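data.txt follows; it contains compact mmCIF, C-alpha atoms.
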# COMPACT_ATOMS: atom_id res chain seq x y z
CA MET A 20 -84.69 22.70 -44.46
CA THR A 21 -84.49 19.13 -45.79
CA SER A 22 -84.42 18.58 -49.55
CA PRO A 23 -85.66 15.42 -51.22
CA MET A 24 -82.82 12.95 -51.74
CA LEU A 25 -81.44 13.29 -55.24
CA ASP A 26 -80.97 10.45 -57.69
CA VAL A 27 -77.23 9.78 -57.62
CA SER A 28 -77.22 6.70 -59.84
CA LEU A 29 -76.02 8.38 -63.04
CA HIS A 30 -72.36 7.54 -62.46
CA GLU A 31 -73.07 3.85 -62.01
CA ARG A 32 -75.42 3.71 -64.96
CA ARG A 33 -72.90 5.45 -67.18
CA ARG A 34 -70.08 3.20 -65.99
CA ASP A 35 -72.11 0.05 -66.53
CA ARG A 36 -73.04 1.18 -70.02
CA ARG A 37 -69.44 2.04 -70.91
CA MET A 38 -68.25 -1.29 -69.54
CA GLN A 39 -70.00 -3.03 -72.39
CA ASP A 40 -67.06 -1.86 -74.48
CA LEU A 41 -64.32 -4.44 -73.88
CA GLN A 42 -61.51 -1.95 -74.45
CA TYR A 43 -63.06 0.40 -71.90
CA ARG A 44 -63.52 -2.44 -69.44
CA ALA A 45 -59.92 -3.56 -69.83
CA ALA A 46 -58.64 -0.02 -69.24
CA TYR A 47 -60.91 0.36 -66.20
CA GLU A 48 -59.80 -2.92 -64.66
CA GLN A 49 -56.14 -2.22 -65.29
CA ALA A 50 -56.44 1.22 -63.70
CA ALA A 51 -58.33 -0.24 -60.74
CA ARG A 52 -55.62 -2.85 -60.17
CA GLU A 53 -52.86 -0.24 -60.34
CA LEU A 54 -54.68 2.09 -57.95
CA ALA A 55 -55.34 -0.71 -55.50
CA GLN A 56 -51.71 -1.79 -55.53
CA THR A 57 -50.38 1.72 -55.03
CA ASP A 58 -52.89 2.41 -52.29
CA ALA A 59 -52.14 -0.89 -50.57
CA VAL A 60 -48.41 -0.20 -50.47
CA ILE A 61 -48.90 3.26 -49.00
CA ARG A 62 -51.51 2.05 -46.50
CA GLN A 63 -49.25 -0.80 -45.44
CA LEU A 64 -46.33 1.54 -44.88
CA ASP A 65 -48.51 3.85 -42.82
CA SER A 66 -49.83 0.92 -40.84
CA LEU A 67 -46.29 -0.31 -40.13
CA ARG A 68 -45.35 3.20 -39.06
CA ALA A 69 -48.29 3.41 -36.69
CA ASP A 70 -47.60 -0.06 -35.27
CA LEU A 71 -44.02 0.98 -34.52
CA GLY A 72 -45.20 4.20 -32.89
CA ILE A 73 -43.16 6.37 -35.21
CA SER A 74 -44.55 9.75 -36.14
CA LYS A 75 -44.59 10.88 -39.75
CA ALA A 76 -42.11 13.60 -38.84
CA GLU A 77 -39.75 11.09 -37.24
CA LEU A 78 -40.06 8.76 -40.21
CA ALA A 79 -39.27 11.65 -42.51
CA ARG A 80 -36.19 12.46 -40.46
CA ARG A 81 -35.01 8.86 -40.71
CA VAL A 82 -35.12 8.97 -44.51
CA ASN A 83 -33.72 12.50 -44.73
CA ARG A 84 -36.91 14.00 -46.11
CA ASN A 85 -38.94 16.88 -44.85
CA ALA A 86 -42.00 16.00 -42.84
CA SER A 87 -44.40 17.43 -45.38
CA SER A 88 -43.28 15.04 -48.14
CA VAL A 89 -44.06 12.02 -45.97
CA ARG A 90 -47.31 13.52 -44.72
CA ARG A 91 -48.40 14.25 -48.30
CA LEU A 92 -47.63 10.70 -49.32
CA PHE A 93 -49.96 9.32 -46.66
CA THR A 94 -52.79 11.80 -47.13
CA ALA A 95 -53.55 11.91 -50.85
CA SER A 96 -51.86 15.26 -51.16
CA GLN A 97 -49.32 14.12 -53.69
CA VAL A 98 -49.61 12.17 -56.87
CA ARG A 99 -46.95 10.00 -58.47
CA PRO A 100 -45.35 8.66 -55.29
CA GLU A 101 -41.67 8.17 -55.93
CA LEU A 102 -40.38 4.62 -55.81
CA PRO A 103 -37.08 5.64 -54.16
CA LEU A 104 -39.03 7.32 -51.36
CA ILE A 105 -41.29 4.31 -50.98
CA ALA A 106 -38.26 2.02 -50.82
CA ALA A 107 -36.55 4.28 -48.30
CA LEU A 108 -39.63 4.36 -46.08
CA ALA A 109 -39.97 0.60 -46.22
CA ASP A 110 -36.34 0.20 -45.24
CA ALA A 111 -36.71 2.67 -42.39
CA LEU A 112 -39.67 0.66 -41.13
CA GLY A 113 -37.76 -2.63 -41.24
CA ALA A 114 -39.57 -3.82 -44.35
CA GLU A 115 -38.79 -4.29 -48.00
CA LEU A 116 -40.60 -4.03 -51.30
CA ARG A 117 -41.18 -7.08 -53.45
CA VAL A 118 -42.69 -7.77 -56.82
CA VAL A 119 -44.76 -10.91 -56.55
CA PRO A 120 -45.75 -12.64 -59.79
CA ARG A 121 -49.39 -13.52 -60.02
CA SER A 122 -50.49 -17.07 -60.69
CA THR A 123 -49.13 -19.00 -63.65
CA GLU A 124 -52.55 -18.74 -65.24
CA ALA A 125 -52.63 -14.97 -64.85
CA ARG A 126 -49.19 -14.64 -66.41
CA ARG A 127 -50.18 -16.92 -69.27
CA ALA A 128 -53.21 -14.71 -69.88
CA VAL A 129 -50.96 -11.66 -70.01
CA ARG A 130 -48.76 -13.38 -72.59
CA GLU A 131 -51.72 -14.47 -74.67
CA HIS A 132 -54.16 -11.59 -74.26
CA GLY A 133 -51.99 -8.71 -73.10
CA ARG A 134 -53.86 -8.47 -69.82
CA PRO A 135 -54.78 -10.62 -66.83
CA ARG A 136 -57.79 -12.76 -67.45
CA ARG A 137 -60.93 -11.93 -65.51
CA VAL A 138 -62.98 -14.61 -63.86
CA ALA A 139 -65.80 -13.86 -66.29
CA ASP A 140 -63.44 -14.57 -69.21
CA ALA A 141 -62.45 -17.96 -67.90
CA GLY A 142 -65.55 -19.88 -68.91
CA MET B 348 -67.90 -3.47 -62.00
CA PRO B 349 -68.88 -1.98 -58.65
CA PRO B 350 -66.30 -0.27 -56.46
CA ARG B 351 -64.24 -2.68 -54.43
CA ASP B 352 -65.32 -3.34 -50.91
CA ARG B 353 -62.53 -2.04 -48.72
CA GLY B 354 -63.50 -4.08 -45.73
CA GLN B 355 -63.37 -2.48 -42.34
CA ARG B 356 -62.59 1.03 -43.48
CA ARG B 357 -65.20 3.62 -42.64
CA PRO B 358 -65.82 6.96 -44.32
CA PRO B 359 -64.86 9.97 -42.25
CA GLY B 360 -67.60 12.24 -41.08
CA PRO B 361 -69.11 13.93 -38.12
CA PRO B 362 -69.93 11.60 -35.24
CA GLY B 363 -73.47 10.41 -35.18
CA GLN B 364 -73.93 10.30 -38.90
CA ASP B 365 -76.53 7.75 -39.82
CA ALA B 366 -76.13 4.39 -41.54
CA ASN B 367 -75.04 6.23 -44.68
CA GLU B 368 -71.55 6.33 -43.25
CA GLN B 369 -71.19 2.64 -44.07
CA LEU B 370 -71.87 3.24 -47.75
CA PRO B 371 -69.40 4.22 -50.41
CA TRP B 372 -69.74 7.89 -51.17
CA ALA B 373 -71.93 8.84 -54.07
CA LEU B 374 -70.48 10.27 -57.27
CA VAL B 375 -72.44 13.16 -58.69
CA TYR B 376 -71.92 15.45 -61.66
CA TYR B 377 -72.55 19.18 -61.40
CA GLN B 378 -75.13 20.47 -63.86
CA ALA B 379 -74.86 24.06 -65.03
CA PRO B 380 -77.88 26.38 -65.16
CA ASP B 381 -78.11 25.86 -68.93
CA GLY B 382 -78.43 22.11 -68.41
CA THR B 383 -74.94 21.23 -69.59
CA VAL B 384 -72.79 18.93 -67.49
CA PRO B 385 -69.20 20.11 -67.88
CA ALA B 386 -67.52 17.05 -66.37
CA LEU B 387 -69.50 14.61 -68.49
CA GLU B 388 -68.83 16.64 -71.61
CA PHE B 389 -65.16 16.48 -70.72
CA LEU B 390 -65.22 12.73 -70.07
CA ASP B 391 -67.22 12.03 -73.21
CA ASP B 392 -64.59 13.94 -75.16
CA CYS B 393 -61.70 11.93 -73.67
CA PRO B 394 -60.38 8.80 -75.36
CA GLY B 395 -62.35 5.84 -74.04
CA THR B 396 -59.40 4.38 -72.17
CA VAL B 397 -58.77 7.70 -70.42
CA ASP B 398 -62.45 7.99 -69.49
CA ALA B 399 -62.16 4.46 -68.07
CA GLN B 400 -59.16 5.45 -65.96
CA PHE B 401 -60.90 8.54 -64.60
CA THR B 402 -63.90 6.39 -63.74
CA ALA B 403 -61.71 3.84 -61.97
CA VAL B 404 -60.11 6.57 -59.85
CA LEU B 405 -63.50 8.05 -58.98
CA ASP B 406 -64.77 4.64 -57.93
CA ALA B 407 -61.67 3.99 -55.82
CA VAL B 408 -62.01 7.32 -54.05
CA ALA B 409 -65.73 6.87 -53.50
CA ALA B 410 -65.09 3.44 -52.00
CA ALA B 411 -62.55 4.86 -49.53
CA PRO B 412 -62.91 8.64 -49.42
CA PRO B 413 -60.26 11.02 -48.12
CA PRO B 414 -58.34 10.73 -45.94
CA ARG B 415 -58.45 6.92 -46.14
CA PHE B 416 -57.51 6.58 -49.78
CA SER B 417 -53.89 7.47 -50.38
CA GLY B 418 -54.72 8.60 -53.87
CA GLY B 419 -53.15 5.66 -55.62
CA GLY B 420 -50.89 8.11 -57.39
CA LYS B 421 -53.74 9.76 -59.31
CA TRP B 422 -55.90 11.69 -56.84
CA GLU B 423 -54.47 14.81 -55.28
CA ALA B 424 -55.62 17.45 -52.83
CA MET B 425 -55.00 20.85 -54.39
CA HIS B 426 -53.48 23.85 -52.65
CA GLY B 427 -53.26 27.61 -52.88
CA THR B 428 -56.14 29.25 -54.70
CA MET B 429 -57.53 25.77 -55.35
CA GLY B 430 -57.49 24.77 -51.69
CA GLY B 431 -60.47 22.56 -50.89
CA TRP B 432 -60.46 21.05 -54.37
CA TYR B 433 -59.24 17.65 -55.46
CA GLU B 434 -58.02 16.72 -58.89
CA ILE B 435 -57.48 13.50 -60.78
CA ARG B 436 -54.39 13.72 -62.94
CA LEU B 437 -53.97 11.52 -65.97
CA THR B 438 -51.77 11.47 -69.01
CA GLY B 439 -53.41 10.74 -72.32
CA PRO B 440 -52.16 9.99 -75.82
CA GLY B 441 -49.31 12.24 -76.89
CA ARG B 442 -48.64 12.97 -73.23
CA GLU B 443 -51.64 15.26 -73.12
CA GLN B 444 -52.41 16.17 -69.52
CA LEU B 445 -56.00 15.65 -68.43
CA ARG B 446 -57.46 16.84 -65.16
CA LEU B 447 -60.80 16.28 -63.50
CA PHE B 448 -61.75 18.67 -60.70
CA CYS B 449 -63.84 17.54 -57.77
CA LEU B 450 -65.28 18.81 -54.50
CA LEU B 451 -66.21 16.75 -51.50
CA GLU B 452 -69.79 16.86 -50.25
CA ASN B 453 -69.63 16.01 -46.59
CA GLY B 454 -71.01 17.49 -43.42
CA THR B 455 -73.58 16.98 -40.75
CA SER B 456 -76.67 14.97 -41.51
CA ASP B 457 -78.71 18.17 -41.54
CA GLU B 458 -76.37 19.87 -43.96
CA LEU B 459 -76.32 16.88 -46.30
CA ALA B 460 -80.10 16.70 -46.12
CA ARG B 461 -80.29 20.31 -47.28
CA ARG B 462 -78.12 19.38 -50.26
CA GLY B 463 -80.25 16.31 -50.99
CA LEU B 464 -77.20 14.07 -50.84
CA ARG B 465 -75.46 11.46 -48.79
CA PRO B 466 -71.68 12.04 -48.58
CA ALA B 467 -70.53 12.44 -52.15
CA ILE B 468 -67.78 13.42 -54.51
CA ALA B 469 -69.06 16.17 -56.78
CA VAL B 470 -67.34 16.05 -60.15
CA ILE B 471 -67.40 19.61 -61.40
CA THR B 472 -65.43 19.88 -64.63
CA GLY B 473 -62.29 18.81 -66.46
CA MET B 474 -59.51 20.48 -68.38
CA ARG B 475 -56.74 19.32 -70.69
CA LYS B 476 -53.42 20.81 -71.69
CA PRO B 477 -50.35 19.84 -73.66
CA TRP B 478 -47.49 18.25 -71.78
CA ARG B 479 -45.18 20.66 -69.99
CA THR B 480 -47.60 23.55 -70.05
CA VAL B 481 -49.53 25.01 -67.17
CA PHE B 482 -53.10 26.11 -66.68
CA SER B 483 -53.50 29.84 -66.19
CA GLU B 484 -55.02 31.36 -63.08
CA ARG B 485 -57.95 32.32 -65.32
CA ASP B 486 -58.44 28.63 -66.14
CA TYR B 487 -58.55 27.79 -62.46
CA GLN B 488 -60.83 30.73 -61.79
CA ARG B 489 -63.36 29.29 -64.24
CA VAL B 490 -63.23 26.00 -62.36
CA ARG B 491 -63.77 27.75 -59.05
CA GLU B 492 -66.70 29.71 -60.43
CA LEU B 493 -68.41 26.47 -61.41
CA GLY B 494 -67.71 25.12 -57.93
CA ARG B 495 -69.18 28.20 -56.29
CA GLU B 496 -72.26 27.95 -58.46
CA HIS B 497 -72.60 24.29 -57.51
CA GLN B 498 -72.29 24.99 -53.81
CA GLN B 499 -74.92 27.71 -53.86
CA ASN B 500 -77.62 25.25 -54.86
CA TYR B 501 -79.90 23.68 -52.23
CA PRO B 502 -80.60 20.99 -53.17
CA ARG B 503 -77.61 20.51 -55.39
CA ARG B 504 -78.25 20.65 -59.10
CA ILE B 505 -76.76 17.46 -60.47
CA ALA B 506 -77.11 15.43 -63.64
CA THR B 507 -79.50 12.55 -63.29
Taking this structure as input, can you express it in the form of C-alpha cells?
Amino acid sequence: MTSPMLDVSLHERRRDRRMQDLQYRAAYEQAARELAQTDAVIRQLDSLRADLGISKAELARRVNRNASSVRRLFTASQVRPELPLIAALADALGAELRVVPRSTEARRAVREHGRPRRVADAG
Amino acid sequence: MPPRDRGQRRPPGPPGQDANEQLPWALVYYQAPDGTVPALEFLDDCPGTVDAQFTAVLDAVAAAPPPRFSGGGKWEAMHGTMGGWYEIRLTGPGREQLRLFCLLENGTSDELARRGLRPAIAVITGMRKPWRTVFSERDYQRVRELGREHQQNYPRRIAT
C-alpha cells in the first residue's frame, strides 16, 4: 500500500533558522570544511587503491595492518581515522600527504576573524 | 547553507529506483507517540556549536549516503547489538561525549512508498555521557526500542 509522501523539510527549515545565528553558522561551516577534507582524503586514497588494482586486504598487508582496519576506514565504520595510518596508506600507494595553505586572503581572514571568510562576508 | 553537491556520486539503492536516486537523502526526525521528538529535544539541549556540528555531519551524510561517505571522522556504523544503526560522535565542552543515533531508510520504491519517504536518514534520538564513561546496555536498549517503534509505522511518524 502506498502512503502519501511525508513533508521532510523540517531539517532544512530548522537549519536555515539556526543559521541566522552567526556563531552557529561559523561552527556549521567549520565542521563542514573539516568533514569534506577528511572525506576527500579517504576517498582519494581509496580511488588510488582502486586505480592501482590493489585490494583492501593487500593494502592492509603492505602497511602491516589487519584487513578490517583498512576496510573500516573506507566504509564509514570507524571514526577518528588515525593520521599515522593515513600517512602509511598514502605511502603504500605511492602518494604523500600535504598541508596546502589556502589563499593569502583566507589566511588573513583567519588572522583577523579567527575563521576563513565566506564569500557572503566579503562585500 | 544547503548540502554540498558531490558531483557525480550517486546514492546506493536497488536498481530501477526512480529519479529520487539523484537527490540527496532526506533527513527526518522520529516522532514518539506522545508527540515528542527525542532527537530534536537532544539537539535543542546541546550547545549551539555542537548542534551546528551535528547538523553539518547530517547534511554531509545525506549528500553522499553510505557507503559513499567515508564518515569524515564523525559518522560511524555501529556493531553488535546496535548493528544496523549509525551514530554521530562529537565531543562537547568539558569533553562531554555526545551521540546522535540514526537509521537508514532505504529500500525498493514500493517499500519507500509505504513509508511515505524517499531514501532518508531517520534521526531517532541522542545521548550524552561524561568523558571516559560508557553507555549501559540498558541505554542502548532504549535507543533500539525507539527505533523499533519508528520502523513499525507505515507511513513513518516524523516531525514536520
*Could you please tell me, as a VMD selection string, which residues of chain A have an atom within 8 Å of chain B when using all atoms listed in the file?*
chain A and resid 20 to 31 34 to 35 38 42 to 44 46 to 48 50 to 51 53 to 58 61 to 62 92 to 100
Go ahead and save the picked residues with C-alpha atoms, as a PDB file, in the coordinates of the input.
ATOM      1  CA  MET A  20     -84.690  22.700 -44.460  1.00  0.00           C
ATOM      2  CA  THR A  21     -84.490  19.130 -45.790  1.00  0.00           C
ATOM      3  CA  SER A  22     -84.420  18.580 -49.550  1.00  0.00           C
ATOM      4  CA  PRO A  23     -85.660  15.420 -51.220  1.00  0.00           C
ATOM      5  CA  MET A  24     -82.820  12.950 -51.740  1.00  0.00           C
ATOM      6  CA  LEU A  25     -81.440  13.290 -55.240  1.00  0.00           C
ATOM      7  CA  ASP A  26     -80.970  10.450 -57.690  1.00  0.00           C
ATOM      8  CA  VAL A  27     -77.230   9.780 -57.620  1.00  0.00           C
ATOM      9  CA  SER A  28     -77.220   6.700 -59.840  1.00  0.00           C
ATOM     10  CA  LEU A  29     -76.020   8.380 -63.040  1.00  0.00           C
ATOM     11  CA  HIS A  30     -72.360   7.540 -62.460  1.00  0.00           C
ATOM     12  CA  GLU A  31     -73.070   3.850 -62.010  1.00  0.00           C
ATOM     13  CA  ARG A  34     -70.080   3.200 -65.990  1.00  0.00           C
ATOM     14  CA  ASP A  35     -72.110   0.050 -66.530  1.00  0.00           C
ATOM     15  CA  MET A  38     -68.250  -1.290 -69.540  1.00  0.00           C
ATOM     16  CA  GLN A  42     -61.510  -1.950 -74.450  1.00  0.00           C
ATOM     17  CA  TYR A  43     -63.060   0.400 -71.900  1.00  0.00           C
ATOM     18  CA  ARG A  44     -63.520  -2.440 -69.440  1.00  0.00           C
ATOM     19  CA  ALA A  46     -58.640  -0.020 -69.240  1.00  0.00           C
ATOM     20  CA  TYR A  47     -60.910   0.360 -66.200  1.00  0.00           C
ATOM     21  CA  GLU A  48     -59.800  -2.920 -64.660  1.00  0.00           C
ATOM     22  CA  ALA A  50     -56.440   1.220 -63.700  1.00  0.00           C
ATOM     23  CA  ALA A  51     -58.330  -0.240 -60.740  1.00  0.00           C
ATOM     24  CA  GLU A  53     -52.860  -0.240 -60.340  1.00  0.00           C
ATOM     25  CA  LEU A  54     -54.680   2.090 -57.950  1.00  0.00           C
ATOM     26  CA  ALA A  55     -55.340  -0.710 -55.500  1.00  0.00           C
ATOM     27  CA  GLN A  56     -51.710  -1.790 -55.530  1.00  0.00           C
ATOM     28  CA  THR A  57     -50.380   1.720 -55.030  1.00  0.00           C
ATOM     29  CA  ASP A  58     -52.890   2.410 -52.290  1.00  0.00           C
ATOM     30  CA  ILE A  61     -48.900   3.260 -49.000  1.00  0.00           C
ATOM     31  CA  ARG A  62     -51.510   2.050 -46.500  1.00  0.00           C
ATOM     32  CA  LEU A  92     -47.630  10.700 -49.320  1.00  0.00           C
ATOM     33  CA  PHE A  93     -49.960   9.320 -46.660  1.00  0.00           C
ATOM     34  CA  THR A  94     -52.790  11.800 -47.130  1.00  0.00           C
ATOM     35  CA  ALA A  95     -53.550  11.910 -50.850  1.00  0.00           C
ATOM     36  CA  SER A  96     -51.860  15.260 -51.160  1.00  0.00           C
ATOM     37  CA  GLN A  97     -49.320  14.120 -53.690  1.00  0.00           C
ATOM     38  CA  VAL A  98     -49.610  12.170 -56.870  1.00  0.00           C
ATOM     39  CA  ARG A  99     -46.950  10.000 -58.470  1.00  0.00           C
ATOM     40  CA  PRO A 100     -45.350   8.660 -55.290  1.00  0.00           C
TER      41      PRO A 100
END
_When you count all atoms listed in the file, which of these residues is closest to Glu115 (chain A): A:Gln49, A:Ser87, A:Gln39, A:Gln63?_
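Answer, going by the shortest atom-to-atom distance: A:Gln63.
Shortest separation to Leu445 (chain B) among B:Glu496, B:Arg479, B:Cys393, B:Trp432 occurs at residue B:Cys393, atoms counted being all atoms listed in the file.
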*asked:* Which residue is closest to Ala409 (chain B)? Choose from B:Leu493, B:Val481, B:Leu451, B:Met474 and count only C-alpha atoms.
replied: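 Looking at the shortest contact to Ala409 (chain B), the residue is B:Leu451.
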*Mind listing whatever residues come within 12 Å of the point (-39.9, 12.9, -39.4)? Use all atoms listed in the file, file coordinates, and give them as JSON, numbers by chain.*
{"A": [68, 73, 74, 75, 76, 77, 78, 79, 80, 81, 82, 83, 84, 85, 86, 87, 88, 89, 90, 108, 111]}
*asked:* Rounded to one decimal, what separation in Å do you get between CA of Ile468 (chain B) and CA of Leu450 (chain B)?
replied: 5.9 Å
*For the atom pair CA of Phe482 (chain B) and CA of Leu437 (chain B), what is the interatomic distance in Å to one decimal place?*
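It comes out at 14.6 Å.
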*State, in Å with one decimal place, the distance from CA of Pro466 (chain B) to CA of Trp372 (chain B).*
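A separation of 5.3 Å between them.
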*asked:* Let me make sure I understand: among B:Val470, B:Asn453, B:Lys476, B:Arg495, which one has the smallest atom-to-atom distance to Gly439 (chain B) if we use all atoms listed in the file?
replied: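 Smallest distance to Gly439 (chain B) is found for B:Lys476.
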